[in-house]
>>> print(open('final_38.cif').read())   # mmCIF, C-alpha atoms (C1' of nucleotides)
data_input
#
loop_
_atom_site.group_PDB
_atom_site.id
_atom_site.type_symbol
_atom_site.label_atom_id
_atom_site.label_comp_id
_atom_site.auth_asym_id
_atom_site.auth_seq_id
_atom_site.Cartn_x
_atom_site.Cartn_y
_atom_site.Cartn_z
ATOM 1 C CA MET P 14 0.000 0.000 0.000
ATOM 2 C CA SER P 15 1.321 3.413 -0.879
ATOM 3 C CA SER P 16 -0.872 5.587 1.335
ATOM 4 C CA LYS P 17 -1.630 5.750 5.019
ATOM 5 C CA PHE P 18 -5.114 4.427 4.345
ATOM 6 C CA ILE P 19 -6.150 0.960 5.348
ATOM 7 C CA ASP P 20 -6.633 -1.684 2.644
ATOM 8 C CA ASN P 21 -9.972 -1.769 0.877
ATOM 9 C CA PRO P 22 -11.071 1.570 2.256
ATOM 10 C CA LEU P 23 -13.572 1.904 -0.534
ATOM 11 C CA ASN P 24 -15.574 -1.037 0.671
ATOM 12 C CA CYS P 25 -16.161 -0.290 4.347
ATOM 13 C CA PRO P 26 -17.539 3.025 5.578
ATOM 14 C CA VAL P 27 -16.164 2.593 9.098
ATOM 15 C CA THR P 28 -12.731 1.929 7.660
ATOM 16 C CA ARG P 29 -12.994 5.059 5.545
ATOM 17 C CA THR P 30 -13.858 7.209 8.536
ATOM 18 C CA ILE P 31 -11.057 5.722 10.639
ATOM 19 C CA SER P 32 -8.602 6.224 7.811
ATOM 20 C CA ILE P 33 -9.444 9.927 7.779
ATOM 21 C CA ILE P 34 -9.981 10.914 11.403
ATOM 22 C CA GLY P 35 -8.591 7.907 13.237
ATOM 23 C CA GLY P 36 -5.606 8.320 15.460
ATOM 24 C CA LYS P 37 -4.940 9.744 18.842
ATOM 25 C CA TRP P 38 -5.481 13.419 18.267
ATOM 26 C CA LYS P 39 -7.648 14.263 15.250
ATOM 27 C CA PRO P 40 -11.083 13.808 16.832
ATOM 28 C CA ILE P 41 -9.951 15.708 19.904
ATOM 29 C CA ILE P 42 -8.649 18.579 17.809
ATOM 30 C CA LEU P 43 -11.774 18.725 15.648
ATOM 31 C CA ASN P 44 -13.961 18.696 18.721
ATOM 32 C CA CYS P 45 -11.947 21.459 20.354
ATOM 33 C CA ILE P 46 -12.340 23.644 17.301
ATOM 34 C CA GLY P 47 -16.059 22.911 17.141
ATOM 35 C CA ASP P 48 -18.098 25.887 16.084
ATOM 36 C CA ARG P 49 -15.571 28.550 16.878
ATOM 37 C CA THR P 50 -12.546 30.134 15.328
ATOM 38 C CA ILE P 51 -9.525 29.379 17.416
ATOM 39 C CA ARG P 52 -5.854 30.206 17.387
ATOM 40 C CA PHE P 53 -2.980 27.754 17.472
ATOM 41 C CA GLY P 54 -1.858 28.803 20.922
ATOM 42 C CA LYS P 55 -5.331 28.423 22.345
ATOM 43 C CA LEU P 56 -5.612 24.880 21.012
ATOM 44 C CA ASN P 57 -2.238 24.099 22.506
ATOM 45 C CA GLN P 58 -3.457 25.382 25.812
ATOM 46 C CA ILE P 59 -6.741 23.441 25.741
ATOM 47 C CA ILE P 60 -4.940 20.222 24.798
ATOM 48 C CA PRO P 61 -1.847 20.585 26.939
ATOM 49 C CA SER P 62 -0.497 17.071 26.426
ATOM 50 C CA ILE P 63 -0.029 17.419 22.681
ATOM 51 C CA SER P 64 3.302 18.757 21.522
ATOM 52 C CA ASN P 65 3.192 21.697 19.150
ATOM 53 C CA LYS P 66 5.009 19.659 16.547
ATOM 54 C CA VAL P 67 2.256 17.073 16.506
ATOM 55 C CA LEU P 68 -0.505 19.655 16.797
ATOM 56 C CA SER P 69 0.873 21.503 13.816
ATOM 57 C CA SER P 70 1.226 18.395 11.660
ATOM 58 C CA GLU P 71 -2.267 17.144 12.544
ATOM 59 C CA LEU P 72 -3.707 20.554 11.679
ATOM 60 C CA ARG P 73 -1.917 20.545 8.348
ATOM 61 C CA GLU P 74 -3.282 17.119 7.549
ATOM 62 C CA LEU P 75 -6.831 18.120 8.457
ATOM 63 C CA GLU P 76 -6.422 21.172 6.275
ATOM 64 C CA GLN P 77 -5.276 19.021 3.366
ATOM 65 C CA TYR P 78 -8.372 16.896 3.757
ATOM 66 C CA GLY P 79 -10.483 20.043 3.553
ATOM 67 C CA LEU P 80 -11.852 19.616 7.059
ATOM 68 C CA ILE P 81 -10.466 22.844 8.494
ATOM 69 C CA HIS P 82 -9.702 26.359 7.339
ATOM 70 C CA ARG P 83 -6.377 27.928 8.186
ATOM 71 C CA ILE P 84 -6.189 31.693 7.991
ATOM 72 C CA GLU P 85 -2.834 33.268 8.476
ATOM 73 C CA PHE P 86 -2.581 36.957 9.327
ATOM 74 C CA THR P 87 0.621 38.612 8.289
ATOM 75 C CA GLU P 88 1.241 40.235 11.601
ATOM 76 C CA MET P 89 4.080 40.123 14.013
ATOM 77 C CA PRO P 90 3.934 38.198 16.257
ATOM 78 C CA PRO P 91 2.056 35.853 13.922
ATOM 79 C CA ARG P 92 -1.607 35.002 14.213
ATOM 80 C CA VAL P 93 -3.236 31.963 12.681
ATOM 81 C CA GLU P 94 -6.877 31.083 13.061
ATOM 82 C CA TYR P 95 -8.426 27.676 12.587
ATOM 83 C CA SER P 96 -12.057 26.777 12.033
ATOM 84 C CA LEU P 97 -14.063 23.916 10.579
ATOM 85 C CA THR P 98 -15.060 23.910 6.924
ATOM 86 C CA ASN P 99 -18.522 22.695 6.004
ATOM 87 C CA ALA P 100 -17.004 19.265 5.481
ATOM 88 C CA GLY P 101 -15.495 19.486 8.943
ATOM 89 C CA LYS P 102 -18.798 20.622 10.404
ATOM 90 C CA SER P 103 -20.426 17.523 8.952
ATOM 91 C CA LEU P 104 -18.387 15.620 11.521
ATOM 92 C CA LEU P 105 -20.009 17.371 14.472
ATOM 93 C CA PRO P 106 -22.804 14.800 15.014
ATOM 94 C CA LEU P 107 -20.189 12.071 15.073
ATOM 95 C CA LEU P 108 -18.050 14.028 17.518
ATOM 96 C CA LEU P 109 -21.128 14.508 19.663
ATOM 97 C CA GLU P 110 -21.686 10.757 19.777
ATOM 98 C CA LEU P 111 -18.042 10.341 20.684
ATOM 99 C CA ALA P 112 -18.512 12.758 23.560
ATOM 100 C CA ASN P 113 -21.780 11.164 24.628
ATOM 101 C CA TRP P 114 -20.229 7.764 24.922
ATOM 102 C CA GLY P 115 -17.263 9.218 26.772
ATOM 103 C CA ASN P 116 -19.710 10.533 29.334
ATOM 104 C CA THR P 117 -21.286 7.170 30.042
ATOM 105 C CA HIS P 118 -20.618 5.302 33.232
ATOM 106 C CA THR P 119 -19.171 2.492 31.118
ATOM 107 C CA ALA P 120 -16.463 4.698 29.637
ATOM 108 C CA LYS P 121 -15.583 6.334 32.937
ATOM 109 C CA LYS P 122 -15.319 2.964 34.651
ATOM 110 C CA ILE P 123 -12.944 1.598 32.019
ATOM 111 C CA ILE P 124 -10.703 4.651 32.259
ATOM 112 C CA LYS P 125 -10.687 4.446 36.040
ATOM 113 C CA GLU P 126 -9.799 0.764 36.042
ATOM 114 C CA PHE P 127 -7.005 0.923 33.510
ATOM 115 C CA THR P 128 -5.314 4.237 34.247
ATOM 116 C CA MET X 28 1.923 8.826 32.215
ATOM 117 C CA SER X 29 1.912 5.181 33.170
ATOM 118 C CA SER X 30 -0.938 3.934 30.981
ATOM 119 C CA LYS X 31 -1.778 4.079 27.323
ATOM 120 C CA PHE X 32 -4.445 6.644 28.079
ATOM 121 C CA ILE X 33 -4.046 10.253 27.127
ATOM 122 C CA ASP X 34 -3.431 12.866 29.827
ATOM 123 C CA ASN X 35 -6.434 14.264 31.645
ATOM 124 C CA PRO X 36 -8.774 11.602 30.324
ATOM 125 C CA LEU X 37 -11.134 12.297 33.166
ATOM 126 C CA ASN X 38 -11.834 15.788 31.974
ATOM 127 C CA CYS X 39 -12.723 15.347 28.314
ATOM 128 C CA PRO X 40 -15.319 12.854 27.117
ATOM 129 C CA VAL X 41 -13.938 12.717 23.577
ATOM 130 C CA THR X 42 -10.500 11.965 24.948
ATOM 131 C CA ARG X 43 -11.947 9.182 27.074
ATOM 132 C CA THR X 44 -13.637 7.564 24.099
ATOM 133 C CA ILE X 45 -10.526 7.825 21.956
ATOM 134 C CA SER X 46 -8.421 6.371 24.745
ATOM 135 C CA ILE X 47 -10.669 3.313 24.793
ATOM 136 C CA ILE X 48 -11.621 2.636 21.187
ATOM 137 C CA GLY X 49 -9.194 4.863 19.316
ATOM 138 C CA GLY X 50 -6.663 3.321 17.054
ATOM 139 C CA LYS X 51 -6.670 1.748 13.680
ATOM 140 C CA TRP X 52 -8.631 -1.419 14.281
ATOM 141 C CA LYS X 53 -10.903 -1.350 17.323
ATOM 142 C CA PRO X 54 -13.897 0.432 15.791
ATOM 143 C CA ILE X 55 -13.665 -1.759 12.710
ATOM 144 C CA ILE X 56 -13.574 -4.918 14.811
ATOM 145 C CA LEU X 57 -16.463 -3.817 17.017
ATOM 146 C CA ASN X 58 -18.504 -2.901 13.985
ATOM 147 C CA CYS X 59 -17.789 -6.244 12.339
ATOM 148 C CA ILE X 60 -18.974 -8.089 15.398
ATOM 149 C CA GLY X 61 -22.091 -5.942 15.615
ATOM 150 C CA ASP X 62 -25.125 -7.868 16.734
ATOM 151 C CA ARG X 63 -23.877 -11.315 15.906
ATOM 152 C CA THR X 64 -21.707 -13.985 17.410
ATOM 153 C CA ILE X 65 -18.679 -14.473 15.259
ATOM 154 C CA ARG X 66 -15.647 -16.700 15.209
ATOM 155 C CA PHE X 67 -12.037 -15.584 15.096
ATOM 156 C CA GLY X 68 -11.481 -16.968 11.637
ATOM 157 C CA LYS X 69 -14.535 -15.250 10.266
ATOM 158 C CA LEU X 70 -13.359 -11.881 11.591
ATOM 159 C CA ASN X 71 -9.977 -12.485 10.031
ATOM 160 C CA GLN X 72 -11.680 -13.190 6.751
ATOM 161 C CA ILE X 73 -13.905 -10.109 6.868
ATOM 162 C CA ILE X 74 -10.957 -7.862 7.774
ATOM 163 C CA PRO X 75 -8.297 -9.411 5.564
ATOM 164 C CA SER X 76 -5.671 -6.711 6.036
ATOM 165 C CA ILE X 77 -5.302 -7.224 9.774
ATOM 166 C CA SER X 78 -2.739 -9.773 10.892
ATOM 167 C CA ASN X 79 -3.963 -12.425 13.287
ATOM 168 C CA LYS X 80 -1.412 -11.273 15.833
ATOM 169 C CA VAL X 81 -2.948 -7.823 15.932
ATOM 170 C CA LEU X 82 -6.501 -9.129 15.696
ATOM 171 C CA SER X 83 -5.919 -11.382 18.651
ATOM 172 C CA SER X 84 -4.333 -8.672 20.786
ATOM 173 C CA GLU X 85 -7.051 -6.166 19.958
ATOM 174 C CA LEU X 86 -9.708 -8.702 20.850
ATOM 175 C CA ARG X 87 -7.998 -9.411 24.148
ATOM 176 C CA GLU X 88 -7.888 -5.726 24.953
ATOM 177 C CA LEU X 89 -11.553 -5.248 24.111
ATOM 178 C CA GLU X 90 -12.355 -8.222 26.307
ATOM 179 C CA GLN X 91 -10.404 -6.703 29.186
ATOM 180 C CA TYR X 92 -12.408 -3.533 28.828
ATOM 181 C CA GLY X 93 -15.580 -5.577 29.093
ATOM 182 C CA LEU X 94 -16.729 -4.636 25.605
ATOM 183 C CA ILE X 95 -16.768 -8.144 24.161
ATOM 184 C CA HIS X 96 -17.451 -11.682 25.308
ATOM 185 C CA ARG X 97 -15.048 -14.439 24.408
ATOM 186 C CA ILE X 98 -16.357 -17.971 24.611
ATOM 187 C CA GLU X 99 -13.893 -20.741 24.075
ATOM 188 C CA PHE X 100 -15.117 -24.227 23.229
ATOM 189 C CA THR X 101 -12.797 -27.028 24.193
ATOM 190 C CA GLU X 102 -12.930 -28.713 20.854
ATOM 191 C CA MET X 103 -10.299 -29.693 18.395
ATOM 192 C CA PRO X 104 -9.698 -27.841 16.153
ATOM 193 C CA PRO X 105 -10.519 -25.014 18.534
ATOM 194 C CA ARG X 106 -13.556 -22.791 18.311
ATOM 195 C CA VAL X 107 -13.838 -19.366 19.889
ATOM 196 C CA GLU X 108 -16.840 -17.110 19.555
ATOM 197 C CA TYR X 109 -16.902 -13.373 20.054
ATOM 198 C CA SER X 110 -19.863 -11.108 20.672
ATOM 199 C CA LEU X 111 -20.536 -7.691 22.148
ATOM 200 C CA THR X 112 -21.375 -7.295 25.818
ATOM 201 C CA ASN X 113 -24.048 -4.800 26.794
ATOM 202 C CA ALA X 114 -21.279 -2.255 27.271
ATOM 203 C CA GLY X 115 -20.050 -3.059 23.784
ATOM 204 C CA LYS X 116 -23.559 -2.781 22.390
ATOM 205 C CA SER X 117 -23.790 0.715 23.863
ATOM 206 C CA LEU X 118 -21.217 1.650 21.230
ATOM 207 C CA LEU X 119 -23.454 0.694 18.332
ATOM 208 C CA PRO X 120 -24.992 4.170 17.817
ATOM 209 C CA LEU X 121 -21.511 5.634 17.695
ATOM 210 C CA LEU X 122 -20.378 2.981 15.228
ATOM 211 C CA LEU X 123 -23.427 3.784 13.143
ATOM 212 C CA GLU X 124 -22.447 7.450 13.022
ATOM 213 C CA LEU X 125 -18.947 6.385 12.047
ATOM 214 C CA ALA X 126 -20.391 4.357 9.188
ATOM 215 C CA ASN X 127 -22.771 7.129 8.173
ATOM 216 C CA TRP X 128 -19.998 9.632 7.840
ATOM 217 C CA GLY X 129 -17.887 7.129 5.945
ATOM 218 C CA ASN X 130 -20.697 6.910 3.425
ATOM 219 C CA THR X 131 -20.806 10.621 2.734
ATOM 220 C CA HIS X 132 -19.504 12.086 -0.468
ATOM 221 C CA THR X 133 -17.018 14.079 1.604
ATOM 222 C CA ALA X 134 -15.397 10.972 3.043
ATOM 223 C CA LYS X 135 -15.295 9.150 -0.258
ATOM 224 C CA LYS X 136 -13.740 12.135 -1.988
ATOM 225 C CA ILE X 137 -10.963 12.435 0.591
ATOM 226 C CA ILE X 138 -10.135 8.743 0.326
ATOM 227 C CA LYS X 139 -10.101 8.935 -3.446
ATOM 228 C CA GLU X 140 -7.817 11.944 -3.480
ATOM 229 C CA PHE X 141 -5.271 10.675 -1.002
ATOM 230 C CA THR X 142 -5.062 6.969 -1.791
ATOM 231 C "C1'" DT D 9 0.884 -41.634 6.564
ATOM 232 C "C1'" DA D 10 0.421 -37.065 5.748
ATOM 233 C "C1'" DA D 11 -2.133 -33.031 5.244
ATOM 234 C "C1'" DT D 12 -5.824 -30.010 7.055
ATOM 235 C "C1'" DT D 13 -8.266 -27.525 10.382
ATOM 236 C "C1'" DT D 14 -8.609 -23.431 14.061
ATOM 237 C "C1'" DG D 15 -7.053 -20.055 17.067
ATOM 238 C "C1'" DG D 16 -3.832 -18.573 18.412
ATOM 239 C "C1'" DT D 17 1.639 -17.489 20.310
ATOM 240 C "C1'" DT D 18 6.558 -16.268 19.813
ATOM 241 C "C1'" DA D 19 10.488 -14.078 18.056
ATOM 242 C "C1'" DC D 20 11.988 -10.789 15.220
ATOM 243 C "C1'" DC D 21 11.955 -6.726 12.488
ATOM 244 C "C1'" DT D 22 10.133 -2.382 10.237
ATOM 245 C "C1'" DT D 23 7.278 1.543 10.204
ATOM 246 C "C1'" DT D 24 4.835 4.989 12.297
ATOM 247 C "C1'" DT D 25 3.982 7.986 15.864
ATOM 248 C "C1'" DG D 26 5.199 10.984 19.202
ATOM 249 C "C1'" DG D 27 8.240 13.705 22.148
ATOM 250 C "C1'" DT D 28 12.358 17.120 23.219
ATOM 251 C "C1'" DT D 29 15.118 20.822 22.483
ATOM 252 C "C1'" DA D 30 16.680 24.469 20.041
ATOM 253 C "C1'" DC D 31 15.870 27.892 16.646
ATOM 254 C "C1'" DT D 32 13.482 31.559 13.676
ATOM 255 C "C1'" DT D 33 11.080 36.108 12.685
ATOM 256 C "C1'" DG D 34 9.877 41.139 13.333
ATOM 257 C "C1'" DT D 35 7.832 44.158 16.405
ATOM 258 C "C1'" DA D 36 7.051 45.897 21.036
ATOM 259 C "C1'" DT D 37 8.280 46.208 25.678
ATOM 260 C "C1'" DT D 38 11.447 46.630 29.659
ATOM 261 C "C1'" DA J 6 20.429 46.115 24.705
ATOM 262 C "C1'" DA J 7 17.929 42.273 25.975
ATOM 263 C "C1'" DT J 8 13.589 39.883 26.284
ATOM 264 C "C1'" DA J 9 9.004 38.386 25.135
ATOM 265 C "C1'" DC J 10 5.532 37.129 21.911
ATOM 266 C "C1'" DA J 11 3.073 33.515 18.424
ATOM 267 C "C1'" DA J 12 3.335 30.030 15.464
ATOM 268 C "C1'" DG J 13 5.605 27.317 13.998
ATOM 269 C "C1'" DT J 14 10.105 24.231 11.856
ATOM 270 C "C1'" DA J 15 14.318 21.114 11.980
ATOM 271 C "C1'" DA J 16 17.090 17.674 13.842
ATOM 272 C "C1'" DC J 17 17.129 14.095 16.613
ATOM 273 C "C1'" DC J 18 15.625 10.224 19.442
ATOM 274 C "C1'" DA J 19 12.387 6.892 22.002
ATOM 275 C "C1'" DA J 20 8.392 4.250 22.131
ATOM 276 C "C1'" DA J 21 4.538 2.088 20.273
ATOM 277 C "C1'" DA J 22 2.225 -0.084 16.722
ATOM 278 C "C1'" DG J 23 2.091 -3.245 13.389
ATOM 279 C "C1'" DG J 24 3.675 -6.848 10.142
ATOM 280 C "C1'" DT J 25 6.002 -11.650 8.868
ATOM 281 C "C1'" DA J 26 7.071 -16.204 9.303
ATOM 282 C "C1'" DA J 27 7.322 -20.145 11.886
ATOM 283 C "C1'" DC J 28 5.270 -22.988 15.136
ATOM 284 C "C1'" DC J 29 1.774 -25.621 18.219
ATOM 285 C "C1'" DA J 30 -2.195 -28.880 19.650
ATOM 286 C "C1'" DA J 31 -5.457 -32.902 18.711
ATOM 287 C "C1'" DA J 32 -8.767 -34.726 15.903
ATOM 288 C "C1'" DT J 33 -10.354 -35.484 11.180
ATOM 289 C "C1'" DT J 34 -9.867 -36.385 6.364
ATOM 290 C "C1'" DA J 35 -7.645 -38.111 2.230
#
>>> encode(input="final_38.cif", output="structure tokens")
Amino acid sequence: MSSKFIDNPLNCPVTRTISIIGGKWKPIILNCIGDRTIRFGKLNQIIPSISNKVLSSELRELEQYGLIHRIEFTEMPPRVEYSLTNAGKSLLPLLLELANWGNTHTAKKIIKEFT
Amino acid sequence: MSSKFIDNPLNCPVTRTISIIGGKWKPIILNCIGDRTIRFGKLNQIIPSISNKVLSSELRELEQYGLIHRIEFTEMPPRVEYSLTNAGKSLLPLLLELANWGNTHTAKKIIKEFT
DNA sequence: TAATTTGGTTACCTTTTGGTTACTTGTATT
DNA sequence: AATACAAGTAACCAAAAGGTAACCAAATTA
């Protein structure tokens, strides 16, 4: 395989979704952006355990996929604002389900037991 | 951090969910099990690009989390059947959203472009 | 007698992911 | 004159994830 996508991604919708937003950080980043416009530094502050190297590369990848906008202001010090595109916004119901399940007793119990 | 879970998992529901079922294979496996009882070999056949080493370790992890049942029959050749627990079944709406988004034009276009 | 079947495990290796530290840039502040 | 700011990037390294190939058990089939 020559791409990061899983084999046969055309045949399974779950596989397609995981190929695009799977991974440790992408859903968290998308959810943190949500409906607002947010700067790089603010994201870094809301998700403190991500390094800025990884945050920046994940943002670039999401931008390539057309899921987020990146607007760079030519100011000094620099300012860059991120927001969801319409394609990115179409993920919000999914992110909501992700959050809903994370709020269940089941999820909290698993985290408690295995942390 | 001493576990595989992301920092501050107690504070963010999306982070909790990703800590539990994030990764390349878990959602795909859970979705393939779905409402049925399914044998190891059948899963391997439905998800051909996963190695049986990884399939087996993912299944063991999901079992530890209490998301799947594993019933081993003492037969030869062996037979092992997997199914979702009630906790695992509580993920079905989320898996459905995952599949729904994977069926959108947006998802298909991204896969097409980047494969 | 030898191959087949099923559900794995083990050892080994490669790839991917993620983290750390230092550095940059131009303006404003101390 | 030195420092801080924001948003990164580059070089480097460690850890985790994932893949491959070989192997096992005991009964059945050819």
>>> atom_distance(input="final_38.cif", atom1="CA of Pro40 in chain P", atom2="CA of Lys121 in chain P")
18.3 Å
>>> closest_atom_pairs(input="final_38.cif", of="chain X", to="chain P", cutoff="8 Å", atoms="only C-alpha atoms", output="JSON lines")
{"residue": "X:Ser29", "atom": "CA", "partner": "P:Thr128", "partner_atom": "CA", "distance": 7.4}
{"residue": "X:Ser30", "atom": "CA", "partner": "P:Thr128", "partner_atom": "CA", "distance": 5.5}
{"residue": "X:Lys31", "atom": "CA", "partner": "P:Thr128", "partner_atom": "CA", "distance": 7.8}
{"residue": "X:Phe32", "atom": "CA", "partner": "P:Thr128", "partner_atom": "CA", "distance": 6.7}
{"residue": "X:Ile33", "atom": "CA", "partner": "P:Ser62", "partner_atom": "CA", "distance": 7.7}
{"residue": "X:Asp34", "atom": "CA", "partner": "P:Ser62", "partner_atom": "CA", "distance": 6.2}
{"residue": "X:Pro36", "atom": "CA", "partner": "P:Ile124", "partner_atom": "CA", "distance": 7.5}
{"residue": "X:Leu37", "atom": "CA", "partner": "P:Lys121", "partner_atom": "CA", "distance": 7.4}
{"residue": "X:Cys39", "atom": "CA", "partner": "P:Gly115", "partner_atom": "CA", "distance": 7.8}
{"residue": "X:Pro40", "atom": "CA", "partner": "P:Gly115", "partner_atom": "CA", "distance": 4.1}
{"residue": "X:Val41", "atom": "CA", "partner": "P:Ala112", "partner_atom": "CA", "distance": 4.6}
{"residue": "X:Thr42", "atom": "CA", "partner": "P:Ile41", "partner_atom": "CA", "distance": 6.3}
{"residue": "X:Arg43", "atom": "CA", "partner": "P:Gly115", "partner_atom": "CA", "distance": 5.3}
{"residue": "X:Thr44", "atom": "CA", "partner": "P:Gly115", "partner_atom": "CA", "distance": 4.8}
{"residue": "X:Ile45", "atom": "CA", "partner": "P:Lys37", "partner_atom": "CA", "distance": 6.7}
{"residue": "X:Ser46", "atom": "CA", "partner": "P:Lys37", "partner_atom": "CA", "distance": 7.6}
{"residue": "X:Ile47", "atom": "CA", "partner": "P:Ile124", "partner_atom": "CA", "distance": 7.6}
{"residue": "X:Gly49", "atom": "CA", "partner": "P:Gly36", "partner_atom": "CA", "distance": 6.3}
{"residue": "X:Gly50", "atom": "CA", "partner": "P:Gly36", "partner_atom": "CA", "distance": 5.4}
{"residue": "X:Lys51", "atom": "CA", "partner": "P:Gly35", "partner_atom": "CA", "distance": 6.5}
{"residue": "X:Pro54", "atom": "CA", "partner": "P:Val27", "partner_atom": "CA", "distance": 7.4}
{"residue": "X:Ile55", "atom": "CA", "partner": "P:Val27", "partner_atom": "CA", "distance": 6.2}
{"residue": "X:Asn58", "atom": "CA", "partner": "P:Val27", "partner_atom": "CA", "distance": 7.7}
{"residue": "X:Ser76", "atom": "CA", "partner": "P:Asp20", "partner_atom": "CA", "distance": 6.1}
{"residue": "X:Tyr92", "atom": "CA", "partner": "P:Ile123", "partner_atom": "CA", "distance": 6.1}
{"residue": "X:Ala114", "atom": "CA", "partner": "P:Thr119", "partner_atom": "CA", "distance": 6.5}
{"residue": "X:Ser117", "atom": "CA", "partner": "P:Trp114", "partner_atom": "CA", "distance": 8.0}
{"residue": "X:Leu118", "atom": "CA", "partner": "P:Trp114", "partner_atom": "CA", "distance": 7.2}
{"residue": "X:Pro120", "atom": "CA", "partner": "P:Glu110", "partner_atom": "CA", "distance": 7.6}
{"residue": "X:Leu121", "atom": "CA", "partner": "P:Glu110", "partner_atom": "CA", "distance": 5.5}
{"residue": "X:Leu122", "atom": "CA", "partner": "P:Val27", "partner_atom": "CA", "distance": 7.4}
{"residue": "X:Glu124", "atom": "CA", "partner": "P:Leu107", "partner_atom": "CA", "distance": 5.5}
{"residue": "X:Leu125", "atom": "CA", "partner": "P:Val27", "partner_atom": "CA", "distance": 5.6}
{"residue": "X:Ala126", "atom": "CA", "partner": "P:Val27", "partner_atom": "CA", "distance": 4.6}
{"residue": "X:Asn127", "atom": "CA", "partner": "P:Pro26", "partner_atom": "CA", "distance": 7.1}
{"residue": "X:Trp128", "atom": "CA", "partner": "P:Thr30", "partner_atom": "CA", "distance": 6.6}
{"residue": "X:Gly129", "atom": "CA", "partner": "P:Pro26", "partner_atom": "CA", "distance": 4.1}
{"residue": "X:Asn130", "atom": "CA", "partner": "P:Pro26", "partner_atom": "CA", "distance": 5.4}
{"residue": "X:Thr133", "atom": "CA", "partner": "P:Ala100", "partner_atom": "CA", "distance": 6.5}
{"residue": "X:Ala134", "atom": "CA", "partner": "P:Thr30", "partner_atom": "CA", "distance": 6.8}
{"residue": "X:Lys135", "atom": "CA", "partner": "P:Leu23", "partner_atom": "CA", "distance": 7.5}
{"residue": "X:Ile137", "atom": "CA", "partner": "P:Tyr78", "partner_atom": "CA", "distance": 6.1}
{"residue": "X:Ile138", "atom": "CA", "partner": "P:Arg29", "partner_atom": "CA", "distance": 7.0}
{"residue": "X:Phe141", "atom": "CA", "partner": "P:Ser16", "partner_atom": "CA", "distance": 7.1}
{"residue": "X:Thr142", "atom": "CA", "partner": "P:Ser16", "partner_atom": "CA", "distance": 5.4}
>>> interface_residues(input="final_38.cif", of="chain D", to="chain X", cutoff="10 Å", atoms="only C-alpha atoms (C1' of nucleotides)", output="MDAnalysis selection string")
chainID D and resid 13:17
>>> closest_atom_pairs(input="final_38.cif", of="chain J", to="chain P", cutoff="9 Å", atoms="only C-alpha atoms (C1' of nucleotides)", output="CSV")
residue,atom,partner,partner_atom,distance
J:DC10,C1',P:Pro90,CA,6.0
J:DA11,C1',P:Pro91,CA,5.2
J:DA12,C1',P:Pro91,CA,6.2
J:DG13,C1',P:Ser69,CA,7.5
J:DT14,C1',P:Lys66,CA,8.3
>>> residues_around(input="final_38.cif", residues="DT18 in chain D", least_positions_apart="3", cutoff="12 Å", atoms="all atoms listed in the file", output="JSON, numbers by chain")
{"X": [80], "J": [25, 26, 27, 28, 29]}
>>> write_last_selection(input="final_38.cif", atoms="C-alpha atoms (C1' of nucleotides)", output="mmCIF file, in the coordinates of the input")
data_model
loop_
_atom_site.group_PDB
_atom_site.id
_atom_site.type_symbol
_atom_site.label_atom_id
_atom_site.label_comp_id
_atom_site.auth_asym_id
_atom_site.auth_seq_id
_atom_site.Cartn_x
_atom_site.Cartn_y
_atom_site.Cartn_z
ATOM 1 C CA LYS X 80 -1.412 -11.273 15.833
ATOM 2 C "C1'" DT J 25 6.002 -11.650 8.868
ATOM 3 C "C1'" DA J 26 7.071 -16.204 9.303
ATOM 4 C "C1'" DA J 27 7.322 -20.145 11.886
ATOM 5 C "C1'" DC J 28 5.270 -22.988 15.136
ATOM 6 C "C1'" DC J 29 1.774 -25.621 18.219
#
>>> resolve_selection(input="final_38.cif", expression="the PyMOL selection byres ((chain J and resi 33) around 9)", output="short mmCIF file (atom, residue, chain, number, x, y, z; two decimals) with C-alpha atoms (C1' of nucleotides), in the coordinates of the input")
data_model
loop_
_atom_site.label_atom_id
_atom_site.label_comp_id
_atom_site.auth_asym_id
_atom_site.auth_seq_id
_atom_site.Cartn_x
_atom_site.Cartn_y
_atom_site.Cartn_z
"C1'" DT D 12 -5.82 -30.01 7.06
"C1'" DT D 13 -8.27 -27.52 10.38
"C1'" DA J 32 -8.77 -34.73 15.90
"C1'" DT J 34 -9.87 -36.38 6.36
#
